[in-house]
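Asks: So that you have it, the file is data.txt, and it contains compact mmCIF, C-alpha atoms and all ligand atoms:
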```
# COMPACT_ATOMS: atom_id res chain seq x y z
CA GLY A 1 -8.28 -4.82 0.36
CA ASP A 2 -6.34 -5.69 3.51
CA ALA A 3 -9.45 -6.90 5.36
CA LEU A 4 -10.58 -8.90 2.32
CA GLY A 5 -7.18 -10.39 1.52
CA ALA A 6 -6.13 -11.29 5.07
CA THR A 7 -8.46 -14.31 4.98
CA VAL A 8 -6.44 -15.90 2.19
CA GLU A 9 -2.94 -14.59 2.96
CA PHE A 10 -0.31 -17.29 2.34
CA LEU A 11 -2.74 -19.62 0.54
CA THR A 12 -2.14 -20.65 -3.06
CA PRO A 13 -4.87 -19.98 -5.66
CA ASN A 14 -5.71 -23.71 -5.58
CA GLU A 15 -6.04 -23.77 -1.81
CA ILE A 16 -8.33 -20.74 -2.01
CA ARG A 17 -10.53 -22.41 -4.64
CA HIS A 18 -10.71 -25.53 -2.52
CA GLN A 19 -11.56 -23.73 0.74
CA HIS A 20 -13.58 -20.74 -0.43
CA GLY A 21 -14.51 -21.19 -4.08
CA GLU A 22 -13.96 -17.60 -5.11
CA HIS A 23 -13.17 -15.43 -2.08
CA ARG A 24 -15.53 -12.42 -2.37
CA ASP A 25 -16.48 -11.33 1.14
CA ILE A 26 -14.84 -9.88 4.23
CA THR A 27 -15.07 -12.85 6.55
CA GLY A 28 -11.98 -12.68 8.79
CA GLY A 29 -10.15 -15.88 9.71
CA GLY A 30 -6.97 -16.72 7.86
CA TRP A 31 -3.67 -17.54 9.53
CA LEU A 32 -4.13 -14.56 11.89
CA ARG A 33 -7.61 -15.76 12.92
CA LEU A 34 -8.98 -12.28 12.47
CA LYS A 35 -12.49 -11.26 13.40
CA ALA A 36 -14.43 -10.32 10.26
CA GLY A 37 -13.67 -6.73 9.29
CA LYS A 38 -10.38 -6.44 11.19
CA VAL A 39 -7.30 -5.25 9.34
CA THR A 40 -3.58 -6.04 9.60
CA ASP A 41 -0.25 -4.22 9.56
CA ASP A 42 -0.80 -2.81 6.08
CA THR A 43 -3.67 -0.64 7.25
CA THR A 44 -2.53 0.03 10.80
CA MET A 45 0.94 1.19 9.67
CA SER A 46 -0.70 3.46 7.08
CA LEU A 47 -2.90 4.97 9.76
CA ALA A 48 0.13 5.44 12.05
CA LEU A 49 1.99 7.20 9.24
CA GLY A 50 -1.01 9.40 8.44
CA GLU A 51 -1.37 10.41 12.10
CA ALA A 52 2.32 11.34 12.21
CA ILE A 53 1.97 13.46 9.06
CA LEU A 54 -1.06 15.29 10.48
CA ALA A 55 0.60 15.81 13.88
CA SER A 56 3.78 17.30 12.42
CA GLY A 57 2.12 19.05 9.46
CA GLY A 58 4.38 17.33 6.95
CA ILE A 59 6.26 14.18 6.08
CA GLU A 60 9.43 13.78 8.09
CA ALA A 61 11.50 10.64 8.55
CA LYS A 62 11.86 11.16 12.29
CA SER A 63 8.17 11.49 13.06
CA ALA A 64 7.36 8.55 10.77
CA ALA A 65 9.99 6.43 12.56
CA ASP A 66 8.61 7.38 15.97
CA ALA A 67 5.08 6.57 14.83
CA PHE A 68 6.13 3.15 13.52
CA ASP A 69 8.08 2.48 16.70
CA ALA A 70 5.02 3.34 18.83
CA TRP A 71 2.93 1.14 16.53
CA MET A 72 5.31 -1.79 17.13
CA ARG A 73 5.21 -1.27 20.90
CA ALA A 74 1.44 -1.53 20.81
CA LYS A 75 1.79 -5.18 19.70
CA PRO A 76 0.23 -5.23 16.23
CA VAL A 77 -1.44 -8.45 15.03
CA ASP A 78 1.41 -8.99 12.59
CA ILE A 79 4.68 -7.40 11.54
CA GLY A 80 7.07 -8.01 8.67
CA ASN A 81 10.62 -9.15 9.37
CA THR A 82 12.29 -6.18 7.67
CA VAL A 83 10.03 -3.75 9.50
CA ARG A 84 10.80 -5.36 12.85
CA ARG A 85 14.55 -5.57 12.29
CA ASN A 86 14.96 -1.98 11.15
CA LEU A 87 12.69 -0.54 13.83
CA ILE A 88 14.73 -2.34 16.48
CA THR A 89 17.85 -0.79 14.93
CA TYR A 90 16.13 2.61 14.98
CA ARG A 91 15.55 2.28 18.73
CA LYS A 92 19.30 1.93 19.19
CA THR A 93 20.60 4.43 16.65
CA ARG A 94 17.75 6.98 16.48
CA ASN A 95 18.67 7.27 12.81
CA PRO A 96 15.37 7.18 10.89
CA GLU A 97 17.06 6.04 7.68
CA ALA A 98 17.83 2.31 7.59
CA PRO A 99 21.06 1.34 5.84
CA ALA A 100 20.62 0.68 2.12
CA SER A 101 20.24 -3.03 1.47
CA GLU A 102 19.68 -4.98 -1.72
CA HIS A 103 17.91 -7.60 0.42
CA ASP A 104 15.27 -5.22 1.79
CA ALA A 105 13.15 -5.32 -1.38
CA GLY A 106 9.98 -6.41 0.39
CA ASN A 107 6.64 -4.66 -0.06
CA GLY A 108 6.53 -3.22 3.49
CA ALA A 109 7.12 0.40 2.48
CA ALA A 110 4.72 0.24 -0.47
CA MET A 111 1.84 -1.25 1.51
CA ARG A 112 1.61 1.80 3.81
CA LEU A 113 2.29 4.74 1.49
CA LEU A 114 -1.23 6.00 0.80
CA PRO A 115 -0.94 8.92 3.27
CA VAL A 116 2.08 10.21 1.29
CA ALA A 117 0.08 10.25 -1.95
CA LEU A 118 -2.76 12.14 -0.25
CA ALA A 119 -0.63 14.61 1.70
CA CYS A 120 1.42 15.46 -1.42
CA TYR A 121 -1.53 15.71 -3.80
CA GLY A 122 -1.08 18.75 -6.05
CA ARG A 123 2.45 19.35 -4.80
CA PRO A 124 5.62 19.21 -6.92
CA ALA A 125 6.87 15.77 -7.95
CA ALA A 126 10.18 16.33 -6.15
CA THR A 127 8.30 16.94 -2.89
CA ALA A 128 6.37 13.69 -3.31
CA ILE A 129 9.53 11.72 -4.10
CA ALA A 130 11.38 13.08 -1.06
CA ALA A 131 8.38 12.32 1.15
CA SER A 132 8.00 8.83 -0.27
CA ARG A 133 11.65 8.03 0.44
CA ALA A 134 11.57 9.55 3.92
CA GLN A 135 8.76 7.23 5.04
CA ALA A 136 10.03 4.21 3.08
CA HIS A 137 13.64 4.33 4.27
CA VAL A 138 12.67 4.05 7.92
CA THR A 139 12.46 0.31 7.24
CA HIS A 140 13.07 -0.36 3.52
CA HIS A 141 16.04 1.42 1.96
CA ASN A 142 16.11 -0.24 -1.41
CA GLU A 143 16.07 0.96 -5.01
CA LEU A 144 13.32 -1.40 -6.21
CA SER A 145 11.13 -0.54 -3.23
CA ASP A 146 11.68 3.18 -3.89
CA ALA A 147 10.80 2.82 -7.57
CA ALA A 148 7.61 0.91 -6.72
CA CYS A 149 6.60 3.37 -3.99
CA GLU A 150 7.09 6.42 -6.18
CA THR A 151 5.20 4.83 -9.06
CA LEU A 152 2.28 4.08 -6.74
CA VAL A 153 2.24 7.60 -5.27
CA PHE A 154 2.05 9.14 -8.75
CA MET A 155 -0.52 6.63 -9.94
CA VAL A 156 -2.83 7.34 -7.01
CA GLN A 157 -2.47 11.08 -7.61
CA ASP A 158 -3.07 10.78 -11.38
CA LEU A 159 -6.17 8.65 -10.82
CA MET A 160 -7.50 11.05 -8.17
CA ALA A 161 -7.08 13.83 -10.74
CA GLY A 162 -9.34 11.83 -13.07
CA ARG A 163 -6.72 10.70 -15.54
CA ASP A 164 -7.56 7.74 -17.72
CA ALA A 165 -6.19 4.36 -16.56
CA GLY A 166 -4.66 3.65 -19.98
CA GLU A 167 -2.75 6.89 -19.86
CA VAL A 168 -1.63 6.16 -16.30
CA GLN A 169 -0.43 2.75 -17.42
CA ARG A 170 1.63 4.18 -20.27
CA GLU A 171 3.08 6.97 -18.23
CA ARG A 172 3.65 5.31 -14.88
CA ALA A 173 3.56 1.50 -15.01
CA ASP A 174 5.31 1.22 -18.38
CA ASN A 175 7.86 3.78 -17.30
CA LEU A 176 8.64 1.73 -14.18
CA VAL A 177 9.30 -1.28 -16.44
CA ARG A 178 11.51 0.80 -18.77
CA ARG A 179 13.64 1.90 -15.82
CA TYR A 180 13.59 -1.48 -14.04
CA PRO A 181 12.75 -4.29 -16.50
CA VAL A 182 12.42 -6.74 -13.60
CA PHE A 183 8.92 -5.28 -13.01
CA ALA A 184 7.65 -6.44 -16.45
CA TRP A 185 4.18 -7.65 -15.52
CA ASN A 186 2.64 -8.71 -18.84
CA LYS A 187 4.57 -11.93 -19.39
CA LYS A 188 2.71 -14.63 -17.46
CA PRO A 189 -0.19 -14.70 -15.00
CA ILE A 190 1.04 -14.11 -11.45
CA GLY A 191 -0.26 -16.51 -8.81
CA ASN A 192 0.83 -16.82 -5.19
CA PRO A 193 2.82 -13.53 -5.15
CA SER A 194 5.46 -13.38 -2.41
CA GLY A 195 6.28 -10.35 -0.28
CA TYR A 196 8.97 -9.33 -2.80
CA VAL A 197 7.91 -5.91 -4.06
CA VAL A 198 8.37 -7.00 -7.70
CA ASP A 199 5.92 -9.93 -7.30
CA THR A 200 3.52 -7.63 -5.48
CA MET A 201 3.55 -4.95 -8.17
CA GLN A 202 3.17 -7.49 -10.97
CA ALA A 203 0.11 -9.06 -9.33
CA VAL A 204 -1.41 -5.66 -8.56
CA PHE A 205 -0.86 -4.32 -12.08
CA GLN A 206 -2.36 -7.42 -13.68
CA ALA A 207 -5.46 -7.15 -11.51
CA PHE A 208 -5.76 -3.37 -11.72
CA PHE A 209 -5.28 -2.96 -15.46
CA GLY A 210 -7.12 -6.19 -16.30
CA THR A 211 -10.45 -5.34 -14.63
CA ASN A 212 -13.10 -2.63 -14.87
CA SER A 213 -14.46 -2.10 -11.37
CA PHE A 214 -13.30 -1.72 -7.78
CA GLU A 215 -14.91 -5.02 -6.79
CA GLU A 216 -13.49 -7.04 -9.70
CA CYS A 217 -10.01 -5.62 -9.17
CA LEU A 218 -9.89 -6.55 -5.49
CA ILE A 219 -11.45 -9.98 -5.97
CA ASP A 220 -8.98 -10.68 -8.77
CA VAL A 221 -5.93 -9.71 -6.76
CA VAL A 222 -6.74 -11.45 -3.46
CA ASN A 223 -7.71 -14.70 -5.18
CA ARG A 224 -4.13 -14.90 -6.43
CA GLY A 225 -3.29 -15.68 -2.78
CA GLY A 226 0.24 -15.30 -1.46
CA ASP A 227 0.68 -11.92 0.19
CA ALA A 228 -3.00 -11.28 -0.45
CA ASP A 229 -3.67 -8.74 2.30
CA THR A 230 -0.87 -6.58 0.91
CA THR A 231 -1.76 -6.94 -2.77
CA GLY A 232 -5.33 -6.20 -1.66
CA ALA A 233 -4.23 -3.09 0.24
CA ILE A 234 -2.21 -1.73 -2.69
CA ALA A 235 -4.81 -2.61 -5.32
CA GLY A 236 -7.37 -0.95 -3.03
CA MET A 237 -5.44 2.34 -3.09
CA LEU A 238 -5.32 2.38 -6.87
CA ALA A 239 -8.87 1.16 -7.43
CA GLY A 240 -10.22 3.57 -4.82
CA ALA A 241 -8.52 6.47 -6.57
CA ARG A 242 -9.78 5.28 -9.96
CA TYR A 243 -13.40 4.39 -9.21
CA GLY A 244 -14.22 6.47 -6.12
CA ARG A 245 -16.00 5.70 -2.87
CA GLU A 246 -19.34 5.01 -4.48
CA ALA A 247 -17.81 2.02 -6.28
CA ILE A 248 -16.90 0.21 -3.06
CA PRO A 249 -19.41 -2.63 -2.51
CA LYS A 250 -21.77 -1.73 0.35
CA ARG A 251 -21.38 -5.21 1.84
CA TRP A 252 -17.64 -4.59 2.26
CA LEU A 253 -18.14 -1.19 3.91
CA LYS A 254 -20.68 -2.79 6.24
CA ALA A 255 -18.37 -5.67 7.13
CA LEU A 256 -15.31 -3.50 7.74
CA ASP A 257 -14.56 -2.70 11.38
CA ALA A 258 -16.51 0.52 12.07
CA GLN A 259 -13.66 2.21 13.90
CA VAL A 260 -11.18 1.46 11.10
CA LEU A 261 -13.64 2.74 8.49
CA SER A 262 -14.18 6.00 10.33
CA GLN A 263 -10.43 6.47 11.00
CA CYS A 264 -9.64 5.92 7.32
CA GLU A 265 -12.31 8.35 6.15
CA LYS A 266 -11.38 11.09 8.62
CA GLN A 267 -7.69 10.72 8.01
CA ALA A 268 -7.98 10.75 4.23
CA ALA A 269 -10.04 13.95 4.35
CA ALA A 270 -7.56 15.61 6.72
CA LEU A 271 -4.55 14.62 4.59
CA ILE A 272 -6.14 16.03 1.43
CA GLU A 273 -6.92 19.24 3.30
CA LEU A 274 -3.29 19.43 4.43
CA ALA A 275 -2.19 19.00 0.81
CA SER A 276 -4.43 21.78 -0.45
CA ASP A 277 -3.27 24.12 2.36
CA ALA A 278 0.34 23.40 1.43
CA ALA A 279 -0.36 23.95 -2.28
CA ASP A 280 -2.11 27.27 -1.48
CA THR A 281 0.82 28.45 0.63
CA ALA A 282 3.26 27.46 -2.11
CA THR A 283 1.43 29.50 -4.75
CA ALA A 284 0.19 32.41 -2.62
CA PRO A 285 1.58 35.81 -3.64
CA THR A 286 3.86 37.23 -1.00
MG MG B 1 -0.67 -7.56 6.60
MG MG B 2 0.88 -9.21 3.89
```
Would you write the structure of this file as structure tokens?
Ligand code: MG
Ligand code: MG

Replies:
Amino acid sequence: GDALGATVEFLTPNEIRHQHGEHRDITGGGWLRLKAGKVTDDTTMSLALGEAILASGGIEAKSAADAFDAWMRAKPVDIGNTVRRNLITYRKTRNPEAPASEHDAGNGAAMRLLPVALACYGRPAATAIAASRAQAHVTHHNELSDAACETLVFMVQDLMAGRDAGEVQRERADNLVRRYPVFAWNKKPIGNPSGYVVDTMQAVFQAFFGTNSFEECLIDVVNRGGDADTTGAIAGMLAGARYGREAIPKRWLKALDAQVLSQCEKQAAALIELASDAADTATAPT
């Protein structure tokens, strides 16, 4: 989703139609002038978080903060303002929890949370919530961001467990709206979603619940433009969990940077293994 959406990030739906017709292929370009198949911060921060989880055997704020800091030092192709500001603060304070801020409601914590959903699969909800906040608060310490992140973690896990999308909508997406009505996503079609986590979630939910395949879902969400690499990344997590690997168009897997593809596959497998080891330990008789 990141590689597909990066081409049209910051374009409006009209600009996309004008320049690309419907954007359906991983072609690179965009404001970052990416080579086809390259990914942006959404994917590279996720991979950094996943590596930190595997290295420390769990999800800890400190190791996530160090991993993000190392990621920033390696000069990523792009970086969000909130991420940059709070990582610079972390370098000074060594406190891996950014101060709570009502202004830090961007989508930067949500875009990179997939490793949390995988590493906590089958574990108690409280464990997943604590892990989600630990990674999120390194850069985004905000109630709306937390609510979005936790909803996404549970949705990915429910879908991996084979639960029906309608049920997941009622239990997770509708529940998010009950708790935080600002997320109501069924009112009007979302175009040009900003980096505000509420816009992001509304666009992703419309695309995810309004389509019936991995390909349709991702094409729908990125053609809304705006923060399209990030809506693509998040929709990709949900659609991947719902439809499975076989549903990913072969032409996209072929176009994706081979190293990124292999890193994602290896890391996902290792994180799920970590989760099942942890679940075994938790239930093993002593
Ligand atoms: Mg990005
Ligand atoms: Mg983005």

Asks: Could I get the residues of chain A with an atom no further than 9 Å from an atom of ligand MG 2 (chain B), each paired with its nearest atom pair and that distance in Å to one decimal, using only C-alpha atoms and all ligand atoms, sorted by chain and residue number, as a tab-separated table?

Replies:
```
residue	atom	partner	partner_atom	distance
A:Asp2	CA	B:MG2	MG	8.0
A:Gly5	CA	B:MG2	MG	8.5
A:Ala6	CA	B:MG2	MG	7.4
A:Glu9	CA	B:MG2	MG	6.7
A:Phe10	CA	B:MG2	MG	8.3
A:Thr40	CA	B:MG2	MG	7.9
A:Asp41	CA	B:MG2	MG	7.6
A:Asp42	CA	B:MG2	MG	7.0
A:Asp78	CA	B:MG2	MG	8.7
A:Ile79	CA	B:MG2	MG	8.7
A:Gly80	CA	B:MG2	MG	7.9
A:Asn107	CA	B:MG2	MG	8.3
A:Gly108	CA	B:MG2	MG	8.2
A:Met111	CA	B:MG2	MG	8.4
A:Ser194	CA	B:MG2	MG	8.8
A:Gly195	CA	B:MG2	MG	6.9
A:Gly226	CA	B:MG2	MG	8.1
A:Asp227	CA	B:MG2	MG	4.6
A:Ala228	CA	B:MG2	MG	6.2
A:Asp229	CA	B:MG2	MG	4.8
A:Thr230	CA	B:MG2	MG	4.3
A:Thr231	CA	B:MG2	MG	7.5
A:Gly232	CA	B:MG2	MG	8.9
A:Ala233	CA	B:MG2	MG	8.8
```

Asks: Keeping C-alpha atoms, export the residues of the selection given above as a PDB file, in the frame of the given file.

Replies:
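Contents of part-v2.pdb, as written:
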```pdb
ATOM      1  CA  ASP A   2      -6.340  -5.690   3.510  1.00  0.00           C
ATOM      2  CA  GLY A   5      -7.180 -10.390   1.520  1.00  0.00           C
ATOM      3  CA  ALA A   6      -6.130 -11.290   5.070  1.00  0.00           C
ATOM      4  CA  GLU A   9      -2.940 -14.590   2.960  1.00  0.00           C
ATOM      5  CA  PHE A  10      -0.310 -17.290   2.340  1.00  0.00           C
ATOM      6  CA  THR A  40      -3.580  -6.040   9.600  1.00  0.00           C
ATOM      7  CA  ASP A  41      -0.250  -4.220   9.560  1.00  0.00           C
ATOM      8  CA  ASP A  42      -0.800  -2.810   6.080  1.00  0.00           C
ATOM      9  CA  ASP A  78       1.410  -8.990  12.590  1.00  0.00           C
ATOM     10  CA  ILE A  79       4.680  -7.400  11.540  1.00  0.00           C
ATOM     11  CA  GLY A  80       7.070  -8.010   8.670  1.00  0.00           C
ATOM     12  CA  ASN A 107       6.640  -4.660  -0.060  1.00  0.00           C
ATOM     13  CA  GLY A 108       6.530  -3.220   3.490  1.00  0.00           C
ATOM     14  CA  MET A 111       1.840  -1.250   1.510  1.00  0.00           C
ATOM     15  CA  SER A 194       5.460 -13.380  -2.410  1.00  0.00           C
ATOM     16  CA  GLY A 195       6.280 -10.350  -0.280  1.00  0.00           C
ATOM     17  CA  GLY A 226       0.240 -15.300  -1.460  1.00  0.00           C
ATOM     18  CA  ASP A 227       0.680 -11.920   0.190  1.00  0.00           C
ATOM     19  CA  ALA A 228      -3.000 -11.280  -0.450  1.00  0.00           C
ATOM     20  CA  ASP A 229      -3.670  -8.740   2.300  1.00  0.00           C
ATOM     21  CA  THR A 230      -0.870  -6.580   0.910  1.00  0.00           C
ATOM     22  CA  THR A 231      -1.760  -6.940  -2.770  1.00  0.00           C
ATOM     23  CA  GLY A 232      -5.330  -6.200  -1.660  1.00  0.00           C
ATOM     24  CA  ALA A 233      -4.230  -3.090   0.240  1.00  0.00           C
TER      25      ALA A 233
END
```

Asks: Which residues are near Val153 (chain A)? Cut-off 8 Å, all atoms listed in the file, ignore same chain within fewer than 4 positions. Put them as an mmCIF file with C-alpha atoms, in the coordinates of the input.

Replies:
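selection.cif, freshly written:
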```cif
data_model
loop_
_atom_site.group_PDB
_atom_site.id
_atom_site.type_symbol
_atom_site.label_atom_id
_atom_site.label_comp_id
_atom_site.auth_asym_id
_atom_site.auth_seq_id
_atom_site.Cartn_x
_atom_site.Cartn_y
_atom_site.Cartn_z
ATOM 1 C CA LEU A 113 2.290 4.740 1.490
ATOM 2 C CA LEU A 114 -1.230 6.000 0.800
ATOM 3 C CA VAL A 116 2.080 10.210 1.290
ATOM 4 C CA ALA A 117 0.080 10.250 -1.950
ATOM 5 C CA ALA A 128 6.370 13.690 -3.310
ATOM 6 C CA SER A 132 8.000 8.830 -0.270
ATOM 7 C CA CYS A 149 6.600 3.370 -3.990
ATOM 8 C CA GLN A 157 -2.470 11.080 -7.610
#
```

Asks: To one decimal in Å, tell me the separation between CA of Val156 (chain A) and CA of Leu34 (chain A).

Replies: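 If I compute the distance from CA of Val156 (chain A) to CA of Leu34 (chain A), I get 28.3 Å.
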
Asks: Give me, please, the distance in Å between CA of Gly122 (chain A) and CA of Leu54 (chain A), quoted to one decimal.

Replies: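 CA of Leu54 (chain A) lies 16.9 Å from CA of Gly122 (chain A).
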
Asks: One decimal, in Å: what's the spacing between CA of Thr211 (chain A) and CA of Gly37 (chain A)?

Replies: 24.2 Å

Asks: For a quick check of understanding, using all atoms listed in the file, which of A:Gly240, A:Leu87, A:Thr7, A:Met160 has the smallest distance to ligand MG 1 (chain B)?

Replies: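 Ranked by minimum distance to ligand MG 1 (chain B), first place goes to A:Thr7.
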
Asks: Show me, as JSON lines, the residues of region 27-73 of chain A having an atom within 10 Å of region 89-92 of chain A, each with the closest atom pair and its distance in Å, using only C-alpha atoms.

Replies:
```
{"residue": "A:Lys62", "atom": "CA", "partner": "A:Tyr90", "partner_atom": "CA", "distance": 9.9}
{"residue": "A:Ala65", "atom": "CA", "partner": "A:Tyr90", "partner_atom": "CA", "distance": 7.6}
{"residue": "A:Asp66", "atom": "CA", "partner": "A:Tyr90", "partner_atom": "CA", "distance": 9.0}
{"residue": "A:Asp69", "atom": "CA", "partner": "A:Arg91", "partner_atom": "CA", "distance": 7.7}
```

Asks: Export C-alpha atoms of the chosen residues as a JSON list (two decimals), in the frame of the given file?

Replies:
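Output saved as again.json:
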```json
[["chain", "number", "residue", "atom", "x", "y", "z"],
["A", 62, "LYS", "CA", 11.86, 11.16, 12.29],
["A", 65, "ALA", "CA", 9.99, 6.43, 12.56],
["A", 66, "ASP", "CA", 8.61, 7.38, 15.97],
["A", 69, "ASP", "CA", 8.08, 2.48, 16.70]]
```

Asks: Taking all atoms listed in the file into account, which of A:Ile59, A:Phe214, A:Trp71, A:Arg112 comes nearest ligand MG 1 (chain B)?

Replies: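 Using all atoms listed in the file, the shortest distance to ligand MG 1 (chain B) belongs to A:Arg112.
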
Asks: Between A:Glu215, A:Leu271, A:Phe209, A:Gly236, which residue has the minimum interatomic distance to Ala173 (chain A), considering all atoms listed in the file?

Replies: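 Distance minimum relative to Ala173 (chain A) lands on A:Phe209.
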
Asks: Ranking A:Glu51, A:Asp104, A:Val168, A:Ile234 by minimum distance to ligand MG 1 (chain B) and counting only C-alpha atoms and all ligand atoms, which one comes first?

Replies: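 Closest residue, counting only C-alpha atoms and all ligand atoms: A:Ile234.
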
Asks: Near Ile88 (chain A), within 10 Å and counting only C-alpha atoms, which residues show up once chain neighbours fewer than 6 positions away are dropped, as a count of residues only?

Replies: 5

Asks: Within 8 Å of (-1.2, 20.4, -0.5) in the file's own coordinates, which protein, DNA or RNA residues have an atom, counting all atoms listed in the file? List them as a tab-separated table (two decimals) with C-alpha atoms, in the frame of the given file.

Replies:
```tsv
chain	number	residue	atom	x	y	z
A	119	ALA	CA	-0.63	14.61	1.70
A	120	CYS	CA	1.42	15.46	-1.42
A	121	TYR	CA	-1.53	15.71	-3.80
A	122	GLY	CA	-1.08	18.75	-6.05
A	123	ARG	CA	2.45	19.35	-4.80
A	272	ILE	CA	-6.14	16.03	1.43
A	273	GLU	CA	-6.92	19.24	3.30
A	274	LEU	CA	-3.29	19.43	4.43
A	275	ALA	CA	-2.19	19.00	0.81
A	276	SER	CA	-4.43	21.78	-0.45
A	277	ASP	CA	-3.27	24.12	2.36
A	278	ALA	CA	0.34	23.40	1.43
A	279	ALA	CA	-0.36	23.95	-2.28
A	280	ASP	CA	-2.11	27.27	-1.48
```

Asks: Is it possible to get the residues within 9 Å of (4.7, -5.6, -17.5) (coordinates as in the file, counting all atoms listed in the file) written as a PDB file with C-alpha atoms, in the coordinates of the input?

Replies:
```pdb
ATOM      1  CA  ALA A 173       3.560   1.500 -15.010  1.00  0.00           C
ATOM      2  CA  ASP A 174       5.310   1.220 -18.380  1.00  0.00           C
ATOM      3  CA  LEU A 176       8.640   1.730 -14.180  1.00  0.00           C
ATOM      4  CA  VAL A 177       9.300  -1.280 -16.440  1.00  0.00           C
ATOM      5  CA  PRO A 181      12.750  -4.290 -16.500  1.00  0.00           C
ATOM      6  CA  VAL A 182      12.420  -6.740 -13.600  1.00  0.00           C
ATOM      7  CA  PHE A 183       8.920  -5.280 -13.010  1.00  0.00           C
ATOM      8  CA  ALA A 184       7.650  -6.440 -16.450  1.00  0.00           C
ATOM      9  CA  TRP A 185       4.180  -7.650 -15.520  1.00  0.00           C
ATOM     10  CA  ASN A 186       2.640  -8.710 -18.840  1.00  0.00           C
ATOM     11  CA  LYS A 187       4.570 -11.930 -19.390  1.00  0.00           C
ATOM     12  CA  GLN A 202       3.170  -7.490 -10.970  1.00  0.00           C
ATOM     13  CA  PHE A 205      -0.860  -4.320 -12.080  1.00  0.00           C
ATOM     14  CA  GLN A 206      -2.360  -7.420 -13.680  1.00  0.00           C
TER      15      GLN A 206
END
```

Asks: Please provide the set of residues having any atom within 9 Å of Phe208 (chain A), restricted to only C-alpha atoms, with same-chain residues fewer than 2 positions apart removed, written as a VMD selection string.

Replies: chain A and resid 203 to 206 210 to 214 216 to 218 220 to 221 235 238 to 239
